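A.B. asks: Attaching a single structure in structure tokens format; questions to follow.
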Amino acid sequence: MKMRMLEEKDIPVCLGWYNWYILNSRATFETEPLSLEAFTERVHGIRKRYPWIIAEENGKPCGYAYLGTFNSRPAYDWTADVSIYLDPQERGHGIGHALMSELERIAILDGYRNLVSIVTSGNEASEHLHKACGYEAKALFEDFGYKTGKWLGVTYFVKKLPFEKKGEPEEPCNRNPYQ
């Protein structure tokens with residue numbers, strides 16, 4: 001499996017997968033499909049500061065992962081939110097685990113200290129992935145969102161990344177580790 005940074009040509013493919021999850025799952029709390037324009041704007045906003053990677057198998061994209069803002073207040077700059085979405089036909093083949101490992105490697109290089117992932121209660125595949133990758137369930141918020149005719153809870157999964165705690169930290173950066 002090959003990992004690389006997102007390219008413009010990947011945006012429509014990623015949007016197709018994301019819209020599938022909006023319409024067919026509780027993995028995201030979005031309720032309406034996004035337009036290509038809205039999704040492209042979102043991707044460009046995220047890419048200004050955070051990595052967005054693509055997993056490829058035999059030259060074909062099969063999943064994506066990115067970091068995003070956990071909280072906009074400056075003291076949280078060393079904590080990032082994790083998002084992973086797979087081609088719905090490729091679930092259960094280890095792609096999520098590979099994306100998570102690679103995203104964590106990049107996060108350490110970029111200077112992040114903590115990763116947070118918000119998982120909808122009952123999303124067993126995502127819960128299993130996070131636990132297998134060393135994330136700890138730190139908080140459960142019951143009945144936090146309403147989707148598909150049901151109140152749903154969320155669990156915050158957290159992973160502390162290795163870092164030196166002495167002195168003032170450098171600002172996290174967004175480098176391309178594949179160049």
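Chain labels A, B, ... are given in the sequence in which chains occur in the structure tokens; within each chain residues are numbered consecutively from 1, and ligands are likewise numbered from 1 in the order shown.
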Env of Asn19 of chain A: 10 Å cut, atoms = only C-alpha atoms, seq-sep filter 6 positions within chain, self excluded. Answer as a PDB file with C-alpha atoms, in the first residue's frame.
C.D. replies:
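Wrote out.pdb, looks like this:
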ATOM      1  CA  SER A  25     -23.862   5.716   8.133  1.00  0.00           C
ATOM      2  CA  THR A  28     -20.274  11.628  10.468  1.00  0.00           C
ATOM      3  CA  GLU A  30     -23.366  15.714   8.753  1.00  0.00           C
ATOM      4  CA  THR A  31     -26.846  15.050   7.411  1.00  0.00           C
ATOM      5  CA  GLU A  32     -26.806  16.501   3.887  1.00  0.00           C
ATOM      6  CA  PRO A  33     -24.397  15.594   1.061  1.00  0.00           C
ATOM      7  CA  LEU A  34     -21.786  18.236   0.231  1.00  0.00           C
ATOM      8  CA  SER A  35     -21.291  19.826  -3.163  1.00  0.00           C
ATOM      9  CA  PHE A  39     -15.958  20.039  -0.116  1.00  0.00           C
TER      10      PHE A  39
END
A.B. asks: Using DSSP on the backbone, list every residue of segment 51-95 of chain A that comes out as strand (DSSP E), and give them as a PDB file with all heavy atoms, in the first residue's frame.
C.D. replies:
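Wrote it out as result.pdb, contents follow:
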ATOM      1  N   TRP A  52      -3.149  15.922   4.834  1.00  0.00           N
ATOM      2  CA  TRP A  52      -4.275  15.132   4.319  1.00  0.00           C
ATOM      3  C   TRP A  52      -3.644  14.089   3.417  1.00  0.00           C
ATOM      4  O   TRP A  52      -3.031  14.423   2.408  1.00  0.00           O
ATOM      5  CB  TRP A  52      -5.231  16.008   3.543  1.00  0.00           C
ATOM      6  CG  TRP A  52      -6.508  15.354   3.112  1.00  0.00           C
ATOM      7  CD1 TRP A  52      -6.647  14.169   2.448  1.00  0.00           C
ATOM      8  CD2 TRP A  52      -7.833  15.855   3.292  1.00  0.00           C
ATOM      9  NE1 TRP A  52      -7.961  13.906   2.193  1.00  0.00           N
ATOM     10  CE2 TRP A  52      -8.718  14.935   2.710  1.00  0.00           C
ATOM     11  CE3 TRP A  52      -8.349  17.005   3.884  1.00  0.00           C
ATOM     12  CZ2 TRP A  52     -10.103  15.123   2.700  1.00  0.00           C
ATOM     13  CZ3 TRP A  52      -9.717  17.190   3.884  1.00  0.00           C
ATOM     14  CH2 TRP A  52     -10.580  16.247   3.296  1.00  0.00           C
ATOM     15  N   ILE A  53      -3.748  12.815   3.798  1.00  0.00           N
ATOM     16  CA  ILE A  53      -3.065  11.763   3.051  1.00  0.00           C
ATOM     17  C   ILE A  53      -4.061  10.826   2.376  1.00  0.00           C
ATOM     18  O   ILE A  53      -5.200  10.684   2.806  1.00  0.00           O
ATOM     19  CB  ILE A  53      -2.093  10.962   3.954  1.00  0.00           C
ATOM     20  CG1 ILE A  53      -2.823  10.304   5.128  1.00  0.00           C
ATOM     21  CG2 ILE A  53      -0.958  11.856   4.441  1.00  0.00           C
ATOM     22  CD1 ILE A  53      -1.955   9.391   5.986  1.00  0.00           C
ATOM     23  N   ILE A  54      -3.559  10.192   1.321  1.00  0.00           N
ATOM     24  CA  ILE A  54      -4.321   9.232   0.527  1.00  0.00           C
ATOM     25  C   ILE A  54      -3.607   7.886   0.589  1.00  0.00           C
ATOM     26  O   ILE A  54      -2.382   7.829   0.446  1.00  0.00           O
ATOM     27  CB  ILE A  54      -4.400   9.687  -0.952  1.00  0.00           C
ATOM     28  CG1 ILE A  54      -5.114  11.033  -1.081  1.00  0.00           C
ATOM     29  CG2 ILE A  54      -5.033   8.620  -1.837  1.00  0.00           C
ATOM     30  CD1 ILE A  54      -6.595  10.992  -0.827  1.00  0.00           C
ATOM     31  N   ALA A  55      -4.370   6.826   0.788  1.00  0.00           N
ATOM     32  CA  ALA A  55      -3.843   5.467   0.667  1.00  0.00           C
ATOM     33  C   ALA A  55      -4.218   4.954  -0.713  1.00  0.00           C
ATOM     34  O   ALA A  55      -5.356   5.117  -1.151  1.00  0.00           O
ATOM     35  CB  ALA A  55      -4.437   4.560   1.737  1.00  0.00           C
ATOM     36  N   GLU A  56      -3.237   4.348  -1.382  1.00  0.00           N
ATOM     37  CA  GLU A  56      -3.468   3.778  -2.716  1.00  0.00           C
ATOM     38  C   GLU A  56      -3.099   2.303  -2.704  1.00  0.00           C
ATOM     39  O   GLU A  56      -2.115   1.907  -2.089  1.00  0.00           O
ATOM     40  CB  GLU A  56      -2.574   4.453  -3.762  1.00  0.00           C
ATOM     41  CG  GLU A  56      -3.016   5.796  -4.204  1.00  0.00           C
ATOM     42  CD  GLU A  56      -2.122   6.337  -5.325  1.00  0.00           C
ATOM     43  OE1 GLU A  56      -0.963   5.885  -5.466  1.00  0.00           O
ATOM     44  OE2 GLU A  56      -2.590   7.207  -6.038  1.00  0.00           O
ATOM     45  N   GLU A  57      -3.882   1.534  -3.413  1.00  0.00           N
ATOM     46  CA  GLU A  57      -3.584   0.118  -3.628  1.00  0.00           C
ATOM     47  C   GLU A  57      -3.609  -0.099  -5.137  1.00  0.00           C
ATOM     48  O   GLU A  57      -4.622   0.189  -5.783  1.00  0.00           O
ATOM     49  CB  GLU A  57      -4.638  -0.747  -2.933  1.00  0.00           C
ATOM     50  CG  GLU A  57      -4.280  -2.203  -2.849  1.00  0.00           C
ATOM     51  CD  GLU A  57      -3.189  -2.486  -1.831  1.00  0.00           C
ATOM     52  OE1 GLU A  57      -3.379  -2.215  -0.642  1.00  0.00           O
ATOM     53  OE2 GLU A  57      -2.132  -2.983  -2.257  1.00  0.00           O
ATOM     54  N   LYS A  60      -4.743   2.893  -7.191  1.00  0.00           N
ATOM     55  CA  LYS A  60      -6.122   3.357  -7.015  1.00  0.00           C
ATOM     56  C   LYS A  60      -6.325   3.829  -5.577  1.00  0.00           C
ATOM     57  O   LYS A  60      -6.052   3.087  -4.631  1.00  0.00           O
ATOM     58  CB  LYS A  60      -7.088   2.217  -7.335  1.00  0.00           C
ATOM     59  CG  LYS A  60      -8.541   2.575  -7.185  1.00  0.00           C
ATOM     60  CD  LYS A  60      -9.414   1.354  -7.484  1.00  0.00           C
ATOM     61  CE  LYS A  60     -10.863   1.687  -7.261  1.00  0.00           C
ATOM     62  NZ  LYS A  60     -11.417   1.091  -6.084  1.00  0.00           N
ATOM     63  N   PRO A  61      -6.841   5.067  -5.373  1.00  0.00           N
ATOM     64  CA  PRO A  61      -7.124   5.520  -4.013  1.00  0.00           C
ATOM     65  C   PRO A  61      -8.127   4.594  -3.333  1.00  0.00           C
ATOM     66  O   PRO A  61      -9.085   4.128  -3.953  1.00  0.00           O
ATOM     67  CB  PRO A  61      -7.726   6.913  -4.206  1.00  0.00           C
ATOM     68  CG  PRO A  61      -7.243   7.355  -5.545  1.00  0.00           C
ATOM     69  CD  PRO A  61      -7.144   6.097  -6.363  1.00  0.00           C
ATOM     70  N   CYS A  62      -7.886   4.313  -2.040  1.00  0.00           N
ATOM     71  CA  CYS A  62      -8.787   3.429  -1.303  1.00  0.00           C
ATOM     72  C   CYS A  62      -9.158   3.989   0.067  1.00  0.00           C
ATOM     73  O   CYS A  62      -9.947   3.383   0.784  1.00  0.00           O
ATOM     74  CB  CYS A  62      -8.191   2.029  -1.185  1.00  0.00           C
ATOM     75  SG  CYS A  62      -6.518   1.967  -0.527  1.00  0.00           S
ATOM     76  N   GLY A  63      -8.612   5.144   0.420  1.00  0.00           N
ATOM     77  CA  GLY A  63      -8.975   5.770   1.680  1.00  0.00           C
ATOM     78  C   GLY A  63      -8.197   7.052   1.886  1.00  0.00           C
ATOM     79  O   GLY A  63      -7.218   7.315   1.185  1.00  0.00           O
ATOM     80  N   TYR A  64      -8.678   7.858   2.831  1.00  0.00           N
ATOM     81  CA  TYR A  64      -7.969   9.093   3.155  1.00  0.00           C
ATOM     82  C   TYR A  64      -8.032   9.353   4.644  1.00  0.00           C
ATOM     83  O   TYR A  64      -8.899   8.830   5.352  1.00  0.00           O
ATOM     84  CB  TYR A  64      -8.492  10.292   2.362  1.00  0.00           C
ATOM     85  CG  TYR A  64      -9.886  10.777   2.695  1.00  0.00           C
ATOM     86  CD1 TYR A  64     -10.119  11.693   3.717  1.00  0.00           C
ATOM     87  CD2 TYR A  64     -10.991  10.356   1.954  1.00  0.00           C
ATOM     88  CE1 TYR A  64     -11.390  12.168   3.997  1.00  0.00           C
ATOM     89  CE2 TYR A  64     -12.265  10.828   2.222  1.00  0.00           C
ATOM     90  CZ  TYR A  64     -12.459  11.735   3.249  1.00  0.00           C
ATOM     91  OH  TYR A  64     -13.729  12.194   3.525  1.00  0.00           O
ATOM     92  N   ALA A  65      -7.085  10.167   5.103  1.00  0.00           N
ATOM     93  CA  ALA A  65      -7.026  10.565   6.510  1.00  0.00           C
ATOM     94  C   ALA A  65      -6.435  11.960   6.574  1.00  0.00           C
ATOM     95  O   ALA A  65      -5.607  12.332   5.747  1.00  0.00           O
ATOM     96  CB  ALA A  65      -6.166   9.591   7.311  1.00  0.00           C
ATOM     97  N   TYR A  66      -6.895  12.717   7.558  1.00  0.00           N
ATOM     98  CA  TYR A  66      -6.325  14.050   7.738  1.00  0.00           C
ATOM     99  C   TYR A  66      -6.421  14.466   9.200  1.00  0.00           C
ATOM    100  O   TYR A  66      -7.194  13.906   9.971  1.00  0.00           O
ATOM    101  CB  TYR A  66      -7.013  15.082   6.843  1.00  0.00           C
ATOM    102  CG  TYR A  66      -8.488  15.312   7.114  1.00  0.00           C
ATOM    103  CD1 TYR A  66      -8.908  16.269   8.027  1.00  0.00           C
ATOM    104  CD2 TYR A  66      -9.463  14.572   6.447  1.00  0.00           C
ATOM    105  CE1 TYR A  66     -10.250  16.485   8.270  1.00  0.00           C
ATOM    106  CE2 TYR A  66     -10.813  14.783   6.679  1.00  0.00           C
ATOM    107  CZ  TYR A  66     -11.191  15.740   7.604  1.00  0.00           C
ATOM    108  OH  TYR A  66     -12.533  15.948   7.838  1.00  0.00           O
ATOM    109  N   LEU A  67      -5.603  15.437   9.534  1.00  0.00           N
ATOM    110  CA  LEU A  67      -5.696  16.088  10.832  1.00  0.00           C
ATOM    111  C   LEU A  67      -6.467  17.383  10.648  1.00  0.00           C
ATOM    112  O   LEU A  67      -6.462  17.963   9.565  1.00  0.00           O
ATOM    113  CB  LEU A  67      -4.306  16.392  11.396  1.00  0.00           C
ATOM    114  CG  LEU A  67      -3.433  15.197  11.712  1.00  0.00           C
ATOM    115  CD1 LEU A  67      -2.085  15.661  12.272  1.00  0.00           C
ATOM    116  CD2 LEU A  67      -4.110  14.243  12.681  1.00  0.00           C
ATOM    117  N   GLY A  68      -7.092  17.827  11.711  1.00  0.00           N
ATOM    118  CA  GLY A  68      -7.840  19.076  11.679  1.00  0.00           C
ATOM    119  C   GLY A  68      -7.789  19.750  13.033  1.00  0.00           C
ATOM    120  O   GLY A  68      -7.210  19.225  13.997  1.00  0.00           O
ATOM    121  N   THR A  69      -8.418  20.891  13.124  1.00  0.00           N
ATOM    122  CA  THR A  69      -8.447  21.668  14.356  1.00  0.00           C
ATOM    123  C   THR A  69      -9.292  20.963  15.413  1.00  0.00           C
ATOM    124  O   THR A  69     -10.449  20.637  15.163  1.00  0.00           O
ATOM    125  CB  THR A  69      -9.023  23.075  14.089  1.00  0.00           C
ATOM    126  OG1 THR A  69      -8.221  23.714  13.105  1.00  0.00           O
ATOM    127  CG2 THR A  69      -9.056  23.913  15.351  1.00  0.00           C
ATOM    128  N   THR A  79      -2.627  19.925  19.682  1.00  0.00           N
ATOM    129  CA  THR A  79      -3.603  18.833  19.681  1.00  0.00           C
ATOM    130  C   THR A  79      -4.386  18.909  18.387  1.00  0.00           C
ATOM    131  O   THR A  79      -4.852  19.982  18.005  1.00  0.00           O
ATOM    132  CB  THR A  79      -4.553  18.946  20.893  1.00  0.00           C
ATOM    133  OG1 THR A  79      -3.775  18.835  22.091  1.00  0.00           O
ATOM    134  CG2 THR A  79      -5.617  17.876  20.865  1.00  0.00           C
ATOM    135  N   ALA A  80      -4.517  17.779  17.700  1.00  0.00           N
ATOM    136  CA  ALA A  80      -5.227  17.763  16.422  1.00  0.00           C
ATOM    137  C   ALA A  80      -6.311  16.697  16.427  1.00  0.00           C
ATOM    138  O   ALA A  80      -6.207  15.682  17.123  1.00  0.00           O
ATOM    139  CB  ALA A  80      -4.249  17.510  15.271  1.00  0.00           C
ATOM    140  N   ASP A  81      -7.335  16.943  15.645  1.00  0.00           N
ATOM    141  CA  ASP A  81      -8.452  16.027  15.464  1.00  0.00           C
ATOM    142  C   ASP A  81      -8.138  15.090  14.294  1.00  0.00           C
ATOM    143  O   ASP A  81      -7.621  15.528  13.261  1.00  0.00           O
ATOM    144  CB  ASP A  81      -9.712  16.842  15.167  1.00  0.00           C
ATOM    145  CG  ASP A  81     -10.930  15.974  14.978  1.00  0.00           C
ATOM    146  OD1 ASP A  81     -11.356  15.341  15.950  1.00  0.00           O
ATOM    147  OD2 ASP A  81     -11.459  15.931  13.847  1.00  0.00           O
ATOM    148  N   VAL A  82      -8.457  13.822  14.445  1.00  0.00           N
ATOM    149  CA  VAL A  82      -8.184  12.801  13.430  1.00  0.00           C
ATOM    150  C   VAL A  82      -9.468  12.440  12.686  1.00  0.00           C
ATOM    151  O   VAL A  82     -10.505  12.219  13.310  1.00  0.00           O
ATOM    152  CB  VAL A  82      -7.624  11.517  14.089  1.00  0.00           C
ATOM    153  CG1 VAL A  82      -7.500  10.387  13.092  1.00  0.00           C
ATOM    154  CG2 VAL A  82      -6.297  11.801  14.764  1.00  0.00           C
ATOM    155  N   SER A  83      -9.374  12.355  11.359  1.00  0.00           N
ATOM    156  CA  SER A  83     -10.489  11.870  10.537  1.00  0.00           C
ATOM    157  C   SER A  83      -9.954  10.853   9.535  1.00  0.00           C
ATOM    158  O   SER A  83      -8.924  11.095   8.897  1.00  0.00           O
ATOM    159  CB  SER A  83     -11.152  13.014   9.776  1.00  0.00           C
ATOM    160  OG  SER A  83     -11.795  13.896  10.657  1.00  0.00           O
ATOM    161  N   ILE A  84     -10.670   9.741   9.403  1.00  0.00           N
ATOM    162  CA  ILE A  84     -10.305   8.696   8.444  1.00  0.00           C
ATOM    163  C   ILE A  84     -11.577   8.216   7.763  1.00  0.00           C
ATOM    164  O   ILE A  84     -12.561   7.889   8.438  1.00  0.00           O
ATOM    165  CB  ILE A  84      -9.615   7.499   9.130  1.00  0.00           C
ATOM    166  CG1 ILE A  84      -8.290   7.930   9.764  1.00  0.00           C
ATOM    167  CG2 ILE A  84      -9.402   6.352   8.142  1.00  0.00           C
ATOM    168  CD1 ILE A  84      -7.584   6.825  10.525  1.00  0.00           C
ATOM    169  N   TYR A  85     -11.540   8.170   6.435  1.00  0.00           N
ATOM    170  CA  TYR A  85     -12.656   7.635   5.647  1.00  0.00           C
ATOM    171  C   TYR A  85     -12.096   6.730   4.568  1.00  0.00           C
ATOM    172  O   TYR A  85     -11.090   7.050   3.936  1.00  0.00           O
ATOM    173  CB  TYR A  85     -13.489   8.764   5.025  1.00  0.00           C
ATOM    174  CG  TYR A  85     -14.264   9.517   6.067  1.00  0.00           C
ATOM    175  CD1 TYR A  85     -13.737  10.653   6.675  1.00  0.00           C
ATOM    176  CD2 TYR A  85     -15.512   9.068   6.485  1.00  0.00           C
ATOM    177  CE1 TYR A  85     -14.432  11.329   7.651  1.00  0.00           C
ATOM    178  CE2 TYR A  85     -16.226   9.746   7.465  1.00  0.00           C
ATOM    179  CZ  TYR A  85     -15.676  10.874   8.042  1.00  0.00           C
ATOM    180  OH  TYR A  85     -16.370  11.537   9.025  1.00  0.00           O
ATOM    181  N   LEU A  86     -12.759   5.611   4.367  1.00  0.00           N
ATOM    182  CA  LEU A  86     -12.324   4.624   3.382  1.00  0.00           C
ATOM    183  C   LEU A  86     -13.334   4.526   2.258  1.00  0.00           C
ATOM    184  O   LEU A  86     -14.521   4.820   2.440  1.00  0.00           O
ATOM    185  CB  LEU A  86     -12.203   3.251   4.032  1.00  0.00           C
ATOM    186  CG  LEU A  86     -11.335   3.133   5.278  1.00  0.00           C
ATOM    187  CD1 LEU A  86     -11.361   1.709   5.795  1.00  0.00           C
ATOM    188  CD2 LEU A  86      -9.925   3.592   5.000  1.00  0.00           C
TER     189      LEU A  86
END
A.B. asks: Please identify all polymer residues within 7 Å of Lys138 of chain A, counting only C-alpha atoms, omitting same-chain residues fewer than 4 positions from it, and present them as a list of chain:residue names.
C.D. replies: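 Contacts, in chain order: A:Tyr156, A:Phe157, A:Val158.
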A.B. asks: Just N, CA and C atoms for this one: save the residues we selected as a PDB file, in the first residue's frame.
C.D. replies:
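Written file, out-v4.pdb:
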ATOM      1  N   TYR A 156     -14.818  10.392  22.905  1.00  0.00           N
ATOM      2  CA  TYR A 156     -13.560  11.030  22.544  1.00  0.00           C
ATOM      3  C   TYR A 156     -12.440  10.032  22.819  1.00  0.00           C
ATOM      4  N   PHE A 157     -11.762   9.618  21.754  1.00  0.00           N
ATOM      5  CA  PHE A 157     -10.588   8.759  21.871  1.00  0.00           C
ATOM      6  C   PHE A 157      -9.353   9.646  21.768  1.00  0.00           C
ATOM      7  N   VAL A 158      -8.383   9.429  22.656  1.00  0.00           N
ATOM      8  CA  VAL A 158      -7.202  10.290  22.748  1.00  0.00           C
ATOM      9  C   VAL A 158      -5.940   9.439  22.714  1.00  0.00           C
TER      10      VAL A 158
END
A.B. asks: Would you list the contacts of segment 161-170 of chain A as JSON, numbers by chain, taking every protein, DNA or RNA residue within 12 Å and counting only C-alpha atoms, but skipping same-chain residues closer than 4 positions in sequence?
C.D. replies: {"A": [75, 77, 78, 79, 80, 101, 103, 104, 105, 106, 107, 108, 109, 110, 111, 112, 113, 114, 115, 116, 133, 134, 135]}
A.B. asks: Could you state the separation of atom CA of Leu23 of chain A and atom CA of Tyr50 of chain A in Å, given to one decimal place?
C.D. replies: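 A separation of 26.3 Å between them.
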A.B. asks: In Å, with one decimal, what is the gap from atom CA of Val154 of chain A to atom CA of Ala137 of chain A?
C.D. replies: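 A separation of 10.2 Å between them.
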A.B. asks: Measure the distance from atom CA of Leu99 of chain A to atom CA of Arg47 of chain A in Å and round it to one decimal.
C.D. replies: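 Computing it gives 16.7 Å between the two atoms.
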A.B. asks: List every residue of segment 107-164 of chain A that DSSP, applied to the backbone of this structure, places in alpha helix (DSSP H), and write the result as a ChimeraX atom specification.
C.D. replies: /A:107-110,124-132
A.B. asks: Can you spit out the residues from that selection as a JSON list (two decimals), in the first residue's frame, using all heavy atoms?
C.D. replies:
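Final output, part_2.json:
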[["chain", "number", "residue", "atom", "x", "y", "z"],
["A", 107, "ALA", "N", 2.13, 13.30, 12.23],
["A", 107, "ALA", "CA", 1.80, 14.19, 13.34],
["A", 107, "ALA", "C", 3.00, 14.38, 14.26],
["A", 107, "ALA", "O", 3.27, 15.49, 14.73],
["A", 107, "ALA", "CB", 0.61, 13.64, 14.11],
["A", 108, "ILE", "N", 3.74, 13.31, 14.52],
["A", 108, "ILE", "CA", 4.94, 13.41, 15.36],
["A", 108, "ILE", "C", 5.98, 14.28, 14.67],
["A", 108, "ILE", "O", 6.57, 15.17, 15.29],
["A", 108, "ILE", "CB", 5.49, 12.00, 15.69],
["A", 108, "ILE", "CG1", 4.52, 11.27, 16.61],
["A", 108, "ILE", "CG2", 6.88, 12.10, 16.32],
["A", 108, "ILE", "CD1", 4.79, 9.78, 16.75],
["A", 109, "LEU", "N", 6.22, 14.06, 13.39],
["A", 109, "LEU", "CA", 7.17, 14.88, 12.63],
["A", 109, "LEU", "C", 6.79, 16.36, 12.65],
["A", 109, "LEU", "O", 7.64, 17.24, 12.72],
["A", 109, "LEU", "CB", 7.26, 14.42, 11.17],
["A", 109, "LEU", "CG", 7.95, 13.10, 10.88],
["A", 109, "LEU", "CD1", 7.78, 12.73, 9.41],
["A", 109, "LEU", "CD2", 9.42, 13.18, 11.25],
["A", 110, "ASP", "N", 5.48, 16.62, 12.57],
["A", 110, "ASP", "CA", 4.99, 18.00, 12.50],
["A", 110, "ASP", "C", 4.93, 18.67, 13.87],
["A", 110, "ASP", "O", 4.67, 19.86, 13.96],
["A", 110, "ASP", "CB", 3.61, 18.04, 11.84],
["A", 110, "ASP", "CG", 3.67, 17.86, 10.33],
["A", 110, "ASP", "OD1", 4.78, 17.83, 9.76],
["A", 110, "ASP", "OD2", 2.59, 17.74, 9.71],
["A", 124, "GLU", "N", -18.57, 0.22, 15.85],
["A", 124, "GLU", "CA", -17.64, -0.78, 16.38],
["A", 124, "GLU", "C", -16.34, -0.86, 15.59],
["A", 124, "GLU", "O", -15.28, -1.05, 16.19],
["A", 124, "GLU", "CB", -18.33, -2.14, 16.43],
["A", 124, "GLU", "CG", -19.45, -2.19, 17.44],
["A", 124, "GLU", "CD", -20.17, -3.52, 17.47],
["A", 124, "GLU", "OE1", -19.67, -4.51, 16.88],
["A", 124, "GLU", "OE2", -21.26, -3.57, 18.08],
["A", 125, "ALA", "N", -16.40, -0.69, 14.28],
["A", 125, "ALA", "CA", -15.17, -0.76, 13.49],
["A", 125, "ALA", "C", -14.22, 0.37, 13.87],
["A", 125, "ALA", "O", -13.02, 0.15, 14.04],
["A", 125, "ALA", "CB", -15.50, -0.70, 12.00],
["A", 126, "SER", "N", -14.75, 1.57, 14.04],
["A", 126, "SER", "CA", -13.91, 2.71, 14.41],
["A", 126, "SER", "C", -13.41, 2.58, 15.84],
["A", 126, "SER", "O", -12.25, 2.88, 16.13],
["A", 126, "SER", "CB", -14.69, 4.02, 14.22],
["A", 126, "SER", "OG", -13.84, 5.12, 14.38],
["A", 127, "GLU", "N", -14.28, 2.15, 16.75],
["A", 127, "GLU", "CA", -13.85, 1.94, 18.13],
["A", 127, "GLU", "C", -12.71, 0.91, 18.18],
["A", 127, "GLU", "O", -11.71, 1.13, 18.87],
["A", 127, "GLU", "CB", -15.02, 1.46, 18.98],
["A", 127, "GLU", "CG", -16.07, 2.54, 19.21],
["A", 127, "GLU", "CD", -17.34, 2.02, 19.88],
["A", 127, "GLU", "OE1", -17.46, 0.78, 20.08],
["A", 127, "GLU", "OE2", -18.21, 2.84, 20.21],
["A", 128, "HIS", "N", -12.85, -0.18, 17.44],
["A", 128, "HIS", "CA", -11.82, -1.22, 17.42],
["A", 128, "HIS", "C", -10.51, -0.66, 16.84],
["A", 128, "HIS", "O", -9.42, -0.92, 17.39],
["A", 128, "HIS", "CB", -12.29, -2.42, 16.60],
["A", 128, "HIS", "CG", -11.25, -3.46, 16.42],
["A", 128, "HIS", "ND1", -10.89, -4.33, 17.44],
["A", 128, "HIS", "CD2", -10.45, -3.77, 15.37],
["A", 128, "HIS", "CE1", -9.92, -5.12, 17.02],
["A", 128, "HIS", "NE2", -9.64, -4.80, 15.76],
["A", 129, "LEU", "N", -10.60, 0.10, 15.76],
["A", 129, "LEU", "CA", -9.41, 0.69, 15.14],
["A", 129, "LEU", "C", -8.66, 1.57, 16.15],
["A", 129, "LEU", "O", -7.45, 1.44, 16.31],
["A", 129, "LEU", "CB", -9.78, 1.52, 13.91],
["A", 129, "LEU", "CG", -8.67, 2.37, 13.31],
["A", 129, "LEU", "CD1", -7.56, 1.49, 12.74],
["A", 129, "LEU", "CD2", -9.22, 3.30, 12.24],
["A", 130, "HIS", "N", -9.38, 2.43, 16.82],
["A", 130, "HIS", "CA", -8.73, 3.34, 17.75],
["A", 130, "HIS", "C", -8.07, 2.59, 18.91],
["A", 130, "HIS", "O", -6.94, 2.89, 19.29],
["A", 130, "HIS", "CB", -9.72, 4.40, 18.25],
["A", 130, "HIS", "CG", -10.02, 5.43, 17.21],
["A", 130, "HIS", "ND1", -10.95, 5.24, 16.23],
["A", 130, "HIS", "CD2", -9.46, 6.64, 16.99],
["A", 130, "HIS", "CE1", -10.97, 6.29, 15.45],
["A", 130, "HIS", "NE2", -10.08, 7.16, 15.88],
["A", 131, "LYS", "N", -8.77, 1.63, 19.45],
["A", 131, "LYS", "CA", -8.20, 0.85, 20.55],
["A", 131, "LYS", "C", -6.97, 0.08, 20.08],
["A", 131, "LYS", "O", -5.94, 0.02, 20.78],
["A", 131, "LYS", "CB", -9.24, -0.10, 21.13],
["A", 131, "LYS", "CG", -10.32, 0.64, 21.91],
["A", 131, "LYS", "CD", -11.41, -0.31, 22.36],
["A", 131, "LYS", "CE", -12.54, 0.44, 23.05],
["A", 131, "LYS", "NZ", -13.66, -0.46, 23.38],
["A", 132, "ALA", "N", -7.03, -0.51, 18.89],
["A", 132, "ALA", "CA", -5.90, -1.27, 18.34],
["A", 132, "ALA", "C", -4.69, -0.37, 18.08],
["A", 132, "ALA", "O", -3.55, -0.85, 18.12],
["A", 132, "ALA", "CB", -6.31, -1.97, 17.05]]
A.B. asks: Counting only C-alpha atoms, what is within 8 Å of Asp143 of chain A, bar same-chain residues fewer than 2 positions away, as a ChimeraX atom specification?
C.D. replies: /A:141,145-146,151-154
A.B. asks: Might you pull out every residue within 10 Å of Ala27 of chain A, with only C-alpha atoms counted and same-chain residues fewer than 6 positions away left off, and present them as a PyMOL selection string?
C.D. replies: chain A and resi 18+21+84-85+118-123+126
A.B. asks: Using only C-alpha atoms, which of A:Asp10, A:Lys160, A:Phe70, A:Lys147 sits nearest Thr40 of chain A?
C.D. replies: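 Checking each candidate against Thr40 of chain A, we get A:Asp10 as the closest.
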A.B. asks: Give me, as a list in words, all polymer residues having an atom no more than 12 Å from Leu36 of chain A, counting only C-alpha atoms and skipping those fewer than 6 positions away in the same chain.
C.D. replies: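 Those residues are Glu8, Lys9, Asp10, Ile11, Pro12, Val13, Cys14, Leu15, Gly16, Tyr18, Asn19, Arg42 and Val43 of chain A.
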